[in-house]
>>> print(open('work_2.txt').read())   # compact mmCIF, C-alpha atoms and all ligand atoms
# COMPACT_ATOMS: atom_id res chain seq x y z
CA CYS Z 774 -24.34 -66.74 -21.62
CA ARG Z 775 -20.69 -65.87 -22.32
CA LEU Z 776 -19.94 -68.58 -24.87
CA CYS Z 777 -18.99 -66.12 -27.63
CA LYS Z 778 -17.75 -62.55 -28.01
CA LEU Z 779 -21.24 -61.18 -28.83
CA CYS Z 780 -21.86 -61.12 -25.07
CA GLU Z 781 -19.51 -58.16 -24.73
CA ALA Z 782 -21.60 -55.56 -26.57
CA ARG Z 783 -25.12 -56.95 -26.16
CA ASN Z 784 -27.70 -55.41 -23.91
CA THR Z 785 -30.00 -58.45 -23.63
CA ILE Z 786 -30.12 -62.02 -24.87
CA VAL Z 787 -32.94 -62.40 -27.41
CA PHE Z 788 -33.89 -66.02 -26.91
CA GLY Z 789 -37.09 -66.25 -28.95
CA SER Z 790 -40.82 -65.72 -28.57
CA GLY Z 791 -44.12 -67.28 -29.48
CA ASN Z 792 -45.90 -70.58 -29.24
CA PRO Z 793 -43.71 -73.29 -27.66
CA ARG Z 794 -45.82 -75.92 -29.48
CA ALA Z 795 -45.74 -74.16 -32.84
CA GLY Z 796 -46.02 -76.12 -36.09
CA LEU Z 797 -43.94 -73.47 -37.81
CA ILE Z 798 -40.74 -71.84 -36.58
CA VAL Z 799 -39.29 -68.68 -38.10
CA ILE Z 800 -35.50 -68.32 -37.91
CA GLY Z 801 -33.81 -64.99 -38.64
CA GLU Z 802 -30.18 -63.99 -38.59
CA GLY Z 803 -29.63 -62.15 -35.35
CA PRO Z 804 -31.14 -59.41 -33.19
CA GLY Z 805 -30.89 -55.76 -34.27
CA ALA Z 806 -30.94 -52.64 -32.09
CA ASP Z 807 -34.66 -52.76 -31.23
CA GLU Z 808 -34.52 -56.46 -30.40
CA ASP Z 809 -31.41 -55.95 -28.25
CA ALA Z 810 -33.20 -53.18 -26.35
CA GLN Z 811 -36.43 -55.12 -25.80
CA GLY Z 812 -35.21 -58.70 -25.51
CA LEU Z 813 -37.68 -59.90 -28.16
CA PRO Z 814 -37.05 -61.01 -31.76
CA PHE Z 815 -38.35 -59.08 -34.76
CA VAL Z 816 -39.90 -56.09 -33.00
CA GLY Z 817 -38.39 -53.31 -35.14
CA ARG Z 818 -39.30 -52.25 -38.70
CA ALA Z 819 -38.20 -55.58 -40.14
CA GLY Z 820 -40.27 -57.30 -37.47
CA GLN Z 821 -43.36 -55.36 -38.45
CA LEU Z 822 -42.83 -56.45 -42.04
CA LEU Z 823 -42.41 -60.06 -40.87
CA THR Z 824 -45.75 -59.80 -39.08
CA ARG Z 825 -47.39 -58.57 -42.28
CA MET Z 826 -45.68 -61.28 -44.35
CA LEU Z 827 -47.07 -63.99 -42.06
CA GLU Z 828 -50.49 -62.37 -42.00
CA SER Z 829 -50.53 -62.29 -45.81
CA VAL Z 830 -50.93 -66.08 -45.63
CA GLN Z 831 -53.23 -65.99 -42.59
CA ILE Z 832 -50.60 -66.97 -40.05
CA SER Z 833 -50.51 -64.96 -36.83
CA ARG Z 834 -47.31 -64.24 -34.93
CA ASP Z 835 -48.83 -65.81 -31.81
CA GLU Z 836 -49.24 -69.22 -33.37
CA VAL Z 837 -45.62 -69.56 -34.54
CA TYR Z 838 -42.28 -69.44 -32.74
CA ILE Z 839 -39.74 -66.80 -33.77
CA THR Z 840 -36.01 -66.85 -33.07
CA ASN Z 841 -32.60 -66.21 -34.63
CA THR Z 842 -29.42 -68.14 -35.40
CA VAL Z 843 -27.53 -66.04 -32.85
CA LYS Z 844 -29.25 -64.75 -29.73
CA CYS Z 845 -27.16 -61.63 -29.21
CA ARG Z 846 -26.87 -58.56 -31.43
CA PRO Z 847 -23.73 -58.42 -33.57
CA PRO Z 848 -22.11 -54.95 -33.21
CA SER Z 849 -23.35 -52.51 -35.89
CA ASN Z 850 -25.60 -55.31 -37.20
CA ARG Z 851 -22.72 -57.04 -38.95
CA ASN Z 852 -23.23 -60.66 -40.02
CA PRO Z 853 -22.68 -63.22 -37.27
CA GLU Z 854 -19.24 -64.83 -37.62
CA PRO Z 855 -18.69 -68.60 -37.92
CA ASP Z 856 -17.46 -68.98 -34.31
CA GLU Z 857 -20.54 -67.09 -33.05
CA LEU Z 858 -22.90 -69.23 -35.13
CA ALA Z 859 -21.13 -72.35 -33.84
CA ALA Z 860 -21.37 -71.22 -30.21
CA CYS Z 861 -25.10 -70.57 -30.52
CA ALA Z 862 -25.97 -73.61 -32.68
CA PRO Z 863 -26.67 -75.95 -29.73
CA VAL Z 864 -29.21 -73.45 -28.35
CA LEU Z 865 -31.03 -73.30 -31.70
CA ALA Z 866 -30.84 -77.10 -32.01
CA ALA Z 867 -32.43 -77.46 -28.57
CA GLN Z 868 -35.19 -74.99 -29.50
CA LEU Z 869 -35.89 -76.92 -32.72
CA ALA Z 870 -35.98 -80.24 -30.85
CA THR Z 871 -38.20 -78.94 -28.03
CA ILE Z 872 -40.71 -77.14 -30.22
CA GLY Z 873 -40.70 -79.87 -32.86
CA ALA Z 874 -42.11 -77.66 -35.62
CA LYS Z 875 -42.45 -79.49 -38.93
CA VAL Z 876 -42.03 -76.35 -41.01
CA VAL Z 877 -39.02 -74.05 -40.72
CA LEU Z 878 -39.12 -70.64 -42.41
CA ALA Z 879 -35.50 -69.48 -42.73
CA LEU Z 880 -34.97 -65.76 -43.33
CA GLY Z 881 -31.96 -64.78 -45.41
CA SER Z 882 -28.61 -66.25 -46.41
CA VAL Z 883 -27.01 -66.43 -43.00
CA ALA Z 884 -29.80 -68.40 -41.34
CA THR Z 885 -30.46 -70.62 -44.36
CA GLN Z 886 -26.80 -71.42 -44.99
CA ALA Z 887 -26.17 -72.16 -41.31
CA LEU Z 888 -29.20 -74.48 -41.05
CA LEU Z 889 -28.61 -76.30 -44.34
CA ARG Z 890 -24.80 -76.25 -44.02
CA THR Z 891 -24.34 -74.88 -47.51
CA LYS Z 892 -22.69 -71.86 -49.09
CA GLU Z 893 -25.27 -71.42 -51.85
CA PRO Z 894 -26.74 -67.92 -52.02
CA ILE Z 895 -30.30 -67.28 -50.90
CA GLY Z 896 -31.34 -66.49 -54.48
CA LYS Z 897 -30.54 -70.10 -55.39
CA LEU Z 898 -31.92 -71.69 -52.22
CA ARG Z 899 -35.30 -69.97 -52.03
CA GLY Z 900 -38.38 -70.96 -53.99
CA ARG Z 901 -38.32 -74.62 -52.99
CA LEU Z 902 -38.48 -77.01 -50.05
CA HIS Z 903 -35.40 -78.46 -48.41
CA PRO Z 904 -35.51 -81.59 -46.25
CA PHE Z 905 -34.49 -80.70 -42.70
CA GLY Z 906 -34.43 -83.69 -40.36
CA SER Z 907 -38.06 -84.68 -39.86
CA ALA Z 908 -39.14 -81.20 -40.98
CA VAL Z 909 -39.05 -79.16 -44.17
CA LEU Z 910 -37.21 -75.88 -44.52
CA ILE Z 911 -38.38 -73.02 -46.71
CA PRO Z 912 -35.86 -70.23 -47.30
CA THR Z 913 -36.92 -66.71 -48.14
CA PHE Z 914 -35.49 -63.19 -48.06
CA ARG Z 915 -34.94 -61.34 -44.81
CA PRO Z 916 -37.53 -58.64 -44.16
CA ALA Z 917 -34.65 -56.14 -43.75
CA PHE Z 918 -33.52 -57.01 -47.30
CA LEU Z 919 -37.06 -56.50 -48.61
CA LEU Z 920 -37.21 -53.10 -46.91
CA ARG Z 921 -33.95 -52.07 -48.59
CA ASN Z 922 -35.06 -53.47 -51.97
CA PRO Z 923 -38.71 -52.50 -52.33
CA GLY Z 924 -39.08 -53.71 -55.95
CA GLN Z 925 -42.06 -55.86 -56.93
CA GLU Z 926 -39.85 -58.73 -58.05
CA TYR Z 927 -38.46 -59.58 -54.58
CA LYS Z 928 -41.84 -59.03 -53.03
CA ARG Z 929 -43.41 -61.47 -55.48
CA MET Z 930 -40.73 -64.09 -54.76
CA ALA Z 931 -41.20 -63.70 -50.99
CA TRP Z 932 -44.95 -64.10 -51.46
CA GLU Z 933 -44.36 -67.37 -53.39
CA ASP Z 934 -42.18 -68.62 -50.53
CA LEU Z 935 -44.80 -67.73 -47.94
CA LYS Z 936 -47.50 -69.54 -49.91
CA LEU Z 937 -45.22 -72.58 -49.97
CA ALA Z 938 -44.76 -72.31 -46.19
CA ARG Z 939 -48.54 -72.02 -45.75
CA ARG Z 940 -49.12 -75.13 -47.89
CA GLU Z 941 -46.60 -77.17 -45.90
CA TYR Z 942 -47.97 -75.88 -42.61
CA ASP Z 943 -51.46 -77.07 -43.62
CA ARG Z 944 -50.14 -80.39 -44.90
CA HIS Z 945 -48.34 -81.16 -41.62
CA ARG Z 946 -51.25 -80.07 -39.48
CA ALA Z 947 -53.61 -82.28 -41.46
CA GLY Z 948 -51.38 -85.30 -41.37
N1 LIG Z 1001 -33.62 -59.24 -38.24
C1 LIG Z 1001 -33.29 -60.49 -37.83
O1 LIG Z 1001 -32.70 -61.28 -38.56
N2 LIG Z 1001 -33.65 -60.83 -36.58
C2 LIG Z 1001 -34.33 -60.03 -35.75
O2 LIG Z 1001 -34.62 -60.45 -34.63
C3 LIG Z 1001 -34.66 -58.74 -36.22
C4 LIG Z 1001 -34.29 -58.37 -37.46
>>> encode(input="work_2.txt", output="structure tokens")
Amino acid sequence: CRLCKLCEARNTIVFGSGNPRAGLIVIGEGPGADEDAQGLPFVGRAGQLLTRMLESVQISRDEVYITNTVKCRPPSNRNPEPDELAACAPVLAAQLATIGAKVVLALGSVATQALLRTKEPIGKLRGRLHPFGSAVLIPTFRPAFLLRNPGQEYKRMAWEDLKLARREYDRHRAG
């Protein structure tokens, strides 16, 4: 893909990984250095924390699908820019439509704001459900943010969000 300028510095496209029939899809911001090297999302330190976050509510990485708003690493891990998000949006929309997950776990401001088309900060968006087409979207903090801010308060909030995701995941699977 050469639809945006992220193609110039990337090593690999990080399309996504996991269960193509997942009931829950996890959407991060964009690949970091480890992801760009391996071609898989969330495989570095933040990825290991994501695995533990999911496991804390008895969800395994294998049963969900994991991807990002942009599929190529932004240089120096800067935030993806609006033109890059726009170029990649049809790919994410196609993934969402194909997988058809009823629960979307959005990690961080960039992913949540892009998906919900809002400018509200993550601190205001998290902690509750947002309608998202025929699905529900649950925003929470990025694992990288939690690693940089190891206080109990953020951890507790992330745990609340994950329990909400777990509840919705069960509700949609039952019904
Ligand atoms: N952080 C993200 O937002 N995405 C990844 O794939 C890895 C770390």
>>> residues_near_ligand(input="work_2.txt", ligand="ligand LIG 1001 (chain Z)", cutoff="7 Å", atoms="all atoms listed in the file", output="PyMOL selection string")
chain Z and resi 801-805+808+814-817+819-820+840-841+880+915+917
>>> closest_residue(input="work_2.txt", among="Z:Ala810, Z:Leu822, Z:Leu858, Z:Ala938", to="His903 in chain Z", atoms="all atoms listed in the file")
Z:Ala938
>>> atom_distance(input="work_2.txt", atom1="CA of Pro793 in chain Z", atom2="CA of Arg901 in chain Z")
25.9 Å
>>> atom_distance(input="work_2.txt", atom1="CA of Arg899 in chain Z", atom2="CA of Thr913 in chain Z")
5.3 Å
>>> residues_around(input="work_2.txt", residues="Ala887 in chain Z", least_positions_apart="5", cutoff="10 Å", atoms="all atoms listed in the file", output="ChimeraX atom specification")
/Z:802,842,855,858-859,862,879,882,892
>>> write_last_selection(input="work_2.txt", atoms="C-alpha atoms", output="compact mmCIF listing (two decimals), keeping the file's coordinate frame")
# COMPACT_ATOMS: atom_id res chain seq x y z
CA GLU Z 802 -30.18 -63.99 -38.59
CA THR Z 842 -29.42 -68.14 -35.40
CA PRO Z 855 -18.69 -68.60 -37.92
CA LEU Z 858 -22.90 -69.23 -35.13
CA ALA Z 859 -21.13 -72.35 -33.84
CA ALA Z 862 -25.97 -73.61 -32.68
CA ALA Z 879 -35.50 -69.48 -42.73
CA SER Z 882 -28.61 -66.25 -46.41
CA LYS Z 892 -22.69 -71.86 -49.09
>>> residues_around(input="work_2.txt", residues="Lys928 in chain Z", least_positions_apart="5", cutoff="10 Å", atoms="only C-alpha atoms", output="list in words")
Met826, Phe914, Pro916, Leu919, Leu920, Asn922, Pro923, Glu933 and Asp934 of chain Z
>>> atom_distance(input="work_2.txt", atom1="CA of Ile800 in chain Z", atom2="CA of Gly881 in chain Z")
9.0 Å
>>> residues_around(input="work_2.txt", residues="Arg846 in chain Z", least_positions_apart="5", cutoff="9 Å", atoms="only C-alpha atoms", output="list in words")
Leu779, Cys780, Ala782, Arg783, Asn784, Thr785, Ile786, Val787, Gly803, Pro804, Gly805, Ala806, Glu808, Asp809, Arg851 and Pro853 of chain Z
>>> residues_near_point(input="work_2.txt", point="(-38.5, -86.3, -41.3)", cutoff="12 Å", atoms="all atoms listed in the file", output="ChimeraX atom specification")
/Z:873-876,903-910,945
>>> closest_residue(input="work_2.txt", among="Z:Val837, Z:Ile911, Z:Leu937, Z:Ala947", to="Gly789 in chain Z", atoms="all atoms listed in the file")
Z:Val837
>>> closest_residue(input="work_2.txt", among="Z:Ser790, Z:Glu893, Z:Trp932, Z:Ile798", to="Ala870 in chain Z", atoms="only C-alpha atoms")
Z:Ile798
>>> closest_residue(input="work_2.txt", among="Z:Gln811, Z:Thr885, Z:Gln831, Z:Asn852", to="Val799 in chain Z", atoms="only C-alpha atoms")
Z:Thr885
>>> closest_residue(input="work_2.txt", among="Z:Leu869, Z:Leu813, Z:Val864, Z:Ala931", to="Arg825 in chain Z", atoms="only C-alpha atoms")
Z:Ala931
>>> closest_residue(input="work_2.txt", among="Z:Arg794, Z:Lys778, Z:Arg946, Z:Arg939", to="Glu854 in chain Z", atoms="all atoms listed in the file")
Z:Lys778
>>> residues_near_point(input="work_2.txt", point="(-19.0, -68.6, -26.9)", cutoff="7 Å", atoms="all atoms listed in the file", output="PyMOL selection string")
chain Z and resi 775-778+857+860
>>> axis_aligned_box(input="work_2.txt", around="range 775-782 of chain Z", padding_each_side="5 Å", output="JSON")
{"center_x": -19.8, "center_y": -62.1, "center_z": -25.6, "size_x": 14.1, "size_y": 23.0, "size_z": 16.5}
>>> decode(input="work_2.txt", residues="range 797-910 of chain Z", atoms="C-alpha atoms", output="PDB file, in the first residue's frame")
ATOM      1  CA  LEU Z 797     -14.600  -8.560  20.126  1.00  0.00           C
ATOM      2  CA  ILE Z 798     -12.132  -6.449  18.172  1.00  0.00           C
ATOM      3  CA  VAL Z 799      -9.334  -4.465  19.792  1.00  0.00           C
ATOM      4  CA  ILE Z 800      -8.237  -1.310  17.966  1.00  0.00           C
ATOM      5  CA  GLY Z 801      -5.017   0.483  18.889  1.00  0.00           C
ATOM      6  CA  GLU Z 802      -3.399   3.571  17.477  1.00  0.00           C
ATOM      7  CA  GLY Z 803      -0.624   2.374  15.222  1.00  0.00           C
ATOM      8  CA  PRO Z 804       2.296  -0.056  15.123  1.00  0.00           C
ATOM      9  CA  GLY Z 805       5.452   0.664  17.128  1.00  0.00           C
ATOM     10  CA  ALA Z 806       9.005  -0.519  16.448  1.00  0.00           C
ATOM     11  CA  ASP Z 807       8.466  -4.162  17.478  1.00  0.00           C
ATOM     12  CA  GLU Z 808       5.255  -4.415  15.468  1.00  0.00           C
ATOM     13  CA  ASP Z 809       6.921  -2.839  12.418  1.00  0.00           C
ATOM     14  CA  ALA Z 810       9.748  -5.380  12.680  1.00  0.00           C
ATOM     15  CA  GLN Z 811       7.485  -8.422  13.105  1.00  0.00           C
ATOM     16  CA  GLY Z 812       4.429  -7.468  11.062  1.00  0.00           C
ATOM     17  CA  LEU Z 813       2.090  -8.241  13.978  1.00  0.00           C
ATOM     18  CA  PRO Z 814       0.122  -5.856  16.215  1.00  0.00           C
ATOM     19  CA  PHE Z 815       0.829  -5.466  19.927  1.00  0.00           C
ATOM     20  CA  VAL Z 816       3.857  -7.732  20.251  1.00  0.00           C
ATOM     21  CA  GLY Z 817       6.135  -5.372  22.229  1.00  0.00           C
ATOM     22  CA  ARG Z 818       5.929  -4.365  25.905  1.00  0.00           C
ATOM     23  CA  ALA Z 819       2.588  -2.639  25.418  1.00  0.00           C
ATOM     24  CA  GLY Z 820       1.362  -5.760  23.640  1.00  0.00           C
ATOM     25  CA  GLN Z 821       2.340  -7.949  26.565  1.00  0.00           C
ATOM     26  CA  LEU Z 822       0.375  -5.653  28.856  1.00  0.00           C
ATOM     27  CA  LEU Z 823      -2.605  -5.840  26.471  1.00  0.00           C
ATOM     28  CA  THR Z 824      -2.459  -9.638  26.690  1.00  0.00           C
ATOM     29  CA  ARG Z 825      -2.532  -9.436  30.490  1.00  0.00           C
ATOM     30  CA  MET Z 826      -5.357  -6.874  30.429  1.00  0.00           C
ATOM     31  CA  LEU Z 827      -7.498  -9.205  28.304  1.00  0.00           C
ATOM     32  CA  GLU Z 828      -6.584 -12.206  30.430  1.00  0.00           C
ATOM     33  CA  SER Z 829      -7.624 -10.294  33.567  1.00  0.00           C
ATOM     34  CA  VAL Z 830     -11.199 -10.683  32.316  1.00  0.00           C
ATOM     35  CA  GLN Z 831     -10.661 -14.212  30.973  1.00  0.00           C
ATOM     36  CA  ILE Z 832     -10.363 -13.232  27.324  1.00  0.00           C
ATOM     37  CA  SER Z 833      -7.527 -14.811  25.361  1.00  0.00           C
ATOM     38  CA  ARG Z 834      -5.718 -13.040  22.546  1.00  0.00           C
ATOM     39  CA  ASP Z 835      -6.564 -15.912  20.199  1.00  0.00           C
ATOM     40  CA  GLU Z 836     -10.301 -15.428  20.493  1.00  0.00           C
ATOM     41  CA  VAL Z 837     -10.292 -11.721  19.606  1.00  0.00           C
ATOM     42  CA  TYR Z 838      -9.046  -9.758  16.612  1.00  0.00           C
ATOM     43  CA  ILE Z 839      -6.393  -7.076  17.136  1.00  0.00           C
ATOM     44  CA  THR Z 840      -5.553  -4.227  14.785  1.00  0.00           C
ATOM     45  CA  ASN Z 841      -4.784  -0.502  14.653  1.00  0.00           C
ATOM     46  CA  THR Z 842      -6.236   2.654  13.108  1.00  0.00           C
ATOM     47  CA  VAL Z 843      -3.173   2.954  10.861  1.00  0.00           C
ATOM     48  CA  LYS Z 844      -1.376  -0.127   9.590  1.00  0.00           C
ATOM     49  CA  CYS Z 845       2.091   1.374   9.240  1.00  0.00           C
ATOM     50  CA  ARG Z 846       4.383   2.718  11.951  1.00  0.00           C
ATOM     51  CA  PRO Z 847       4.472   6.502  12.251  1.00  0.00           C
ATOM     52  CA  PRO Z 848       8.131   7.678  12.379  1.00  0.00           C
ATOM     53  CA  SER Z 849       9.425   7.943  15.978  1.00  0.00           C
ATOM     54  CA  ASN Z 850       6.007   6.703  17.147  1.00  0.00           C
ATOM     55  CA  ARG Z 851       4.404  10.094  16.613  1.00  0.00           C
ATOM     56  CA  ASN Z 852       0.599  10.244  16.480  1.00  0.00           C
ATOM     57  CA  PRO Z 853      -0.909   9.350  13.112  1.00  0.00           C
ATOM     58  CA  GLU Z 854      -1.893  12.509  11.208  1.00  0.00           C
ATOM     59  CA  PRO Z 855      -5.423  13.178   9.908  1.00  0.00           C
ATOM     60  CA  ASP Z 856      -4.510  12.407   6.265  1.00  0.00           C
ATOM     61  CA  GLU Z 857      -2.933   9.093   7.344  1.00  0.00           C
ATOM     62  CA  LEU Z 858      -5.982   8.139   9.418  1.00  0.00           C
ATOM     63  CA  ALA Z 859      -8.210   9.044   6.469  1.00  0.00           C
ATOM     64  CA  ALA Z 860      -6.146   6.980   4.020  1.00  0.00           C
ATOM     65  CA  CYS Z 861      -6.309   3.916   6.272  1.00  0.00           C
ATOM     66  CA  ALA Z 862      -9.946   4.306   7.391  1.00  0.00           C
ATOM     67  CA  PRO Z 863     -11.424   2.226   4.529  1.00  0.00           C
ATOM     68  CA  VAL Z 864      -9.147  -0.688   5.475  1.00  0.00           C
ATOM     69  CA  LEU Z 865     -10.309  -0.559   9.101  1.00  0.00           C
ATOM     70  CA  ALA Z 866     -13.936  -0.188   7.968  1.00  0.00           C
ATOM     71  CA  ALA Z 867     -13.563  -3.306   5.807  1.00  0.00           C
ATOM     72  CA  GLN Z 868     -12.027  -5.237   8.718  1.00  0.00           C
ATOM     73  CA  LEU Z 869     -14.891  -4.178  10.994  1.00  0.00           C
ATOM     74  CA  ALA Z 870     -17.487  -5.164   8.390  1.00  0.00           C
ATOM     75  CA  THR Z 871     -15.855  -8.524   7.597  1.00  0.00           C
ATOM     76  CA  ILE Z 872     -15.265  -9.596  11.180  1.00  0.00           C
ATOM     77  CA  GLY Z 873     -18.588  -8.215  12.381  1.00  0.00           C
ATOM     78  CA  ALA Z 874     -17.571  -8.048  16.041  1.00  0.00           C
ATOM     79  CA  LYS Z 875     -20.304  -6.635  18.268  1.00  0.00           C
ATOM     80  CA  VAL Z 876     -17.877  -5.259  20.831  1.00  0.00           C
ATOM     81  CA  VAL Z 877     -15.083  -2.838  19.958  1.00  0.00           C
ATOM     82  CA  LEU Z 878     -12.389  -2.103  22.536  1.00  0.00           C
ATOM     83  CA  ALA Z 879     -10.728   1.158  21.480  1.00  0.00           C
ATOM     84  CA  LEU Z 880      -7.308   1.878  22.985  1.00  0.00           C
ATOM     85  CA  GLY Z 881      -6.430   5.519  23.582  1.00  0.00           C
ATOM     86  CA  SER Z 882      -7.494   8.925  22.304  1.00  0.00           C
ATOM     87  CA  VAL Z 883      -6.381   8.574  18.706  1.00  0.00           C
ATOM     88  CA  ALA Z 884      -8.260   5.351  18.016  1.00  0.00           C
ATOM     89  CA  THR Z 885     -11.339   6.345  20.015  1.00  0.00           C
ATOM     90  CA  GLN Z 886     -11.602   9.823  18.518  1.00  0.00           C
ATOM     91  CA  ALA Z 887     -11.123   8.497  14.981  1.00  0.00           C
ATOM     92  CA  LEU Z 888     -13.776   5.793  15.415  1.00  0.00           C
ATOM     93  CA  LEU Z 889     -16.335   7.990  17.183  1.00  0.00           C
ATOM     94  CA  ARG Z 890     -15.498  11.106  15.130  1.00  0.00           C
ATOM     95  CA  THR Z 891     -15.133  13.258  18.211  1.00  0.00           C
ATOM     96  CA  LYS Z 892     -12.443  15.449  19.745  1.00  0.00           C
ATOM     97  CA  GLU Z 893     -13.308  14.633  23.354  1.00  0.00           C
ATOM     98  CA  PRO Z 894     -10.335  13.412  25.394  1.00  0.00           C
ATOM     99  CA  ILE Z 895     -10.065   9.767  26.396  1.00  0.00           C
ATOM    100  CA  GLY Z 896     -10.547  10.681  30.060  1.00  0.00           C
ATOM    101  CA  LYS Z 897     -14.058  11.876  29.184  1.00  0.00           C
ATOM    102  CA  LEU Z 898     -14.886   9.097  26.716  1.00  0.00           C
ATOM    103  CA  ARG Z 899     -13.840   6.073  28.756  1.00  0.00           C
ATOM    104  CA  GLY Z 900     -15.902   4.426  31.474  1.00  0.00           C
ATOM    105  CA  ARG Z 901     -19.041   4.008  29.377  1.00  0.00           C
ATOM    106  CA  LEU Z 902     -20.464   2.405  26.250  1.00  0.00           C
ATOM    107  CA  HIS Z 903     -20.782   4.245  22.966  1.00  0.00           C
ATOM    108  CA  PRO Z 904     -23.126   3.084  20.196  1.00  0.00           C
ATOM    109  CA  PHE Z 905     -21.070   2.151  17.136  1.00  0.00           C
ATOM    110  CA  GLY Z 906     -23.199   1.044  14.185  1.00  0.00           C
ATOM    111  CA  SER Z 907     -24.642  -2.325  15.162  1.00  0.00           C
ATOM    112  CA  ALA Z 908     -21.898  -2.724  17.773  1.00  0.00           C
ATOM    113  CA  VAL Z 909     -20.887  -1.045  21.018  1.00  0.00           C
ATOM    114  CA  LEU Z 910     -17.570   0.678  21.554  1.00  0.00           C
TER     115      LEU Z 910
END
